[in-house]
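Below you'll find the structure, written out as structure tokens, and then a few comments.
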Amino acid sequence: MVTGVGYGAHASYVCRMHSRTELDGWLREGFEIERQKYYQIVSGELWAFGDRLQPPRRVEPSDPHQLTCVSLRAV
């Protein structure tokens, strides 16, 4: 467990965050997006602004969102 981190500190699964730059690099290296889902985590436009939504709300790509979950596969 990482000290000083509140959000997700007690999750029972492994989760990693990556930048758009890293994702673009994997896509250039022979991966493609198999599935992608978008979630609104807080009511504000930016992360940590507004109220935290429980549970997070699944939204469309064009809606405001703070999180996307991506599944990649090799091509």
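Residues in the structure tokens are named by chain (A, B, ... in the order shown) and by number from 1 within that chain; ligands are numbered from 1 in the order shown.
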Item to check | DSSP-assigned strand (DSSP E or B) among chain A, expressed as a count of residues only | outcome: 28
Item to check | Contacts of region 39-51 of chain A at 7 Å (only C-alpha atoms; same-chain gap of 4+ positions) as an MDAnalysis selection string | outcome: chainID A and resid 56:59 64:68
Checklist entry - If you count only C-alpha atoms, which residues fall within 10 Å of Gly30 (chain A), apart from same-chain ones fewer than 5 positions away, as a PyMOL selection string? => result chain A and resi 25+72-75
How about saving the chosen residues, N, CA, C and O atoms kept, as a PDB file, in the first residue's frame?
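Contents of again_1.pdb, freshly written:
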ATOM      1  N   GLY A  25       2.145   5.781 -27.622  1.00  0.00           N
ATOM      2  CA  GLY A  25       3.338   4.986 -27.922  1.00  0.00           C
ATOM      3  C   GLY A  25       3.000   3.513 -28.099  1.00  0.00           C
ATOM      4  O   GLY A  25       3.486   2.863 -29.027  1.00  0.00           O
ATOM      5  N   LEU A  72      -6.171  -3.098 -24.149  1.00  0.00           N
ATOM      6  CA  LEU A  72      -5.392  -3.142 -25.387  1.00  0.00           C
ATOM      7  C   LEU A  72      -5.166  -4.585 -25.805  1.00  0.00           C
ATOM      8  O   LEU A  72      -5.142  -5.493 -24.986  1.00  0.00           O
ATOM      9  N   ARG A  73      -4.962  -4.772 -27.109  1.00  0.00           N
ATOM     10  CA  ARG A  73      -4.563  -6.093 -27.618  1.00  0.00           C
ATOM     11  C   ARG A  73      -3.513  -5.891 -28.692  1.00  0.00           C
ATOM     12  O   ARG A  73      -3.501  -4.888 -29.396  1.00  0.00           O
ATOM     13  N   ALA A  74      -2.658  -6.887 -28.808  1.00  0.00           N
ATOM     14  CA  ALA A  74      -1.613  -6.847 -29.836  1.00  0.00           C
ATOM     15  C   ALA A  74      -2.244  -7.151 -31.181  1.00  0.00           C
ATOM     16  O   ALA A  74      -3.134  -7.969 -31.289  1.00  0.00           O
ATOM     17  N   VAL A  75      -1.765  -6.445 -32.214  1.00  0.00           N
ATOM     18  CA  VAL A  75      -2.272  -6.678 -33.568  1.00  0.00           C
ATOM     19  C   VAL A  75      -1.210  -7.316 -34.423  1.00  0.00           C
ATOM     20  O   VAL A  75      -0.061  -7.337 -34.129  1.00  0.00           O
TER      21      VAL A  75
END
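One finds CA of Ser71 (chain A) at 11.7 Å from CA of Trp26 (chain A).
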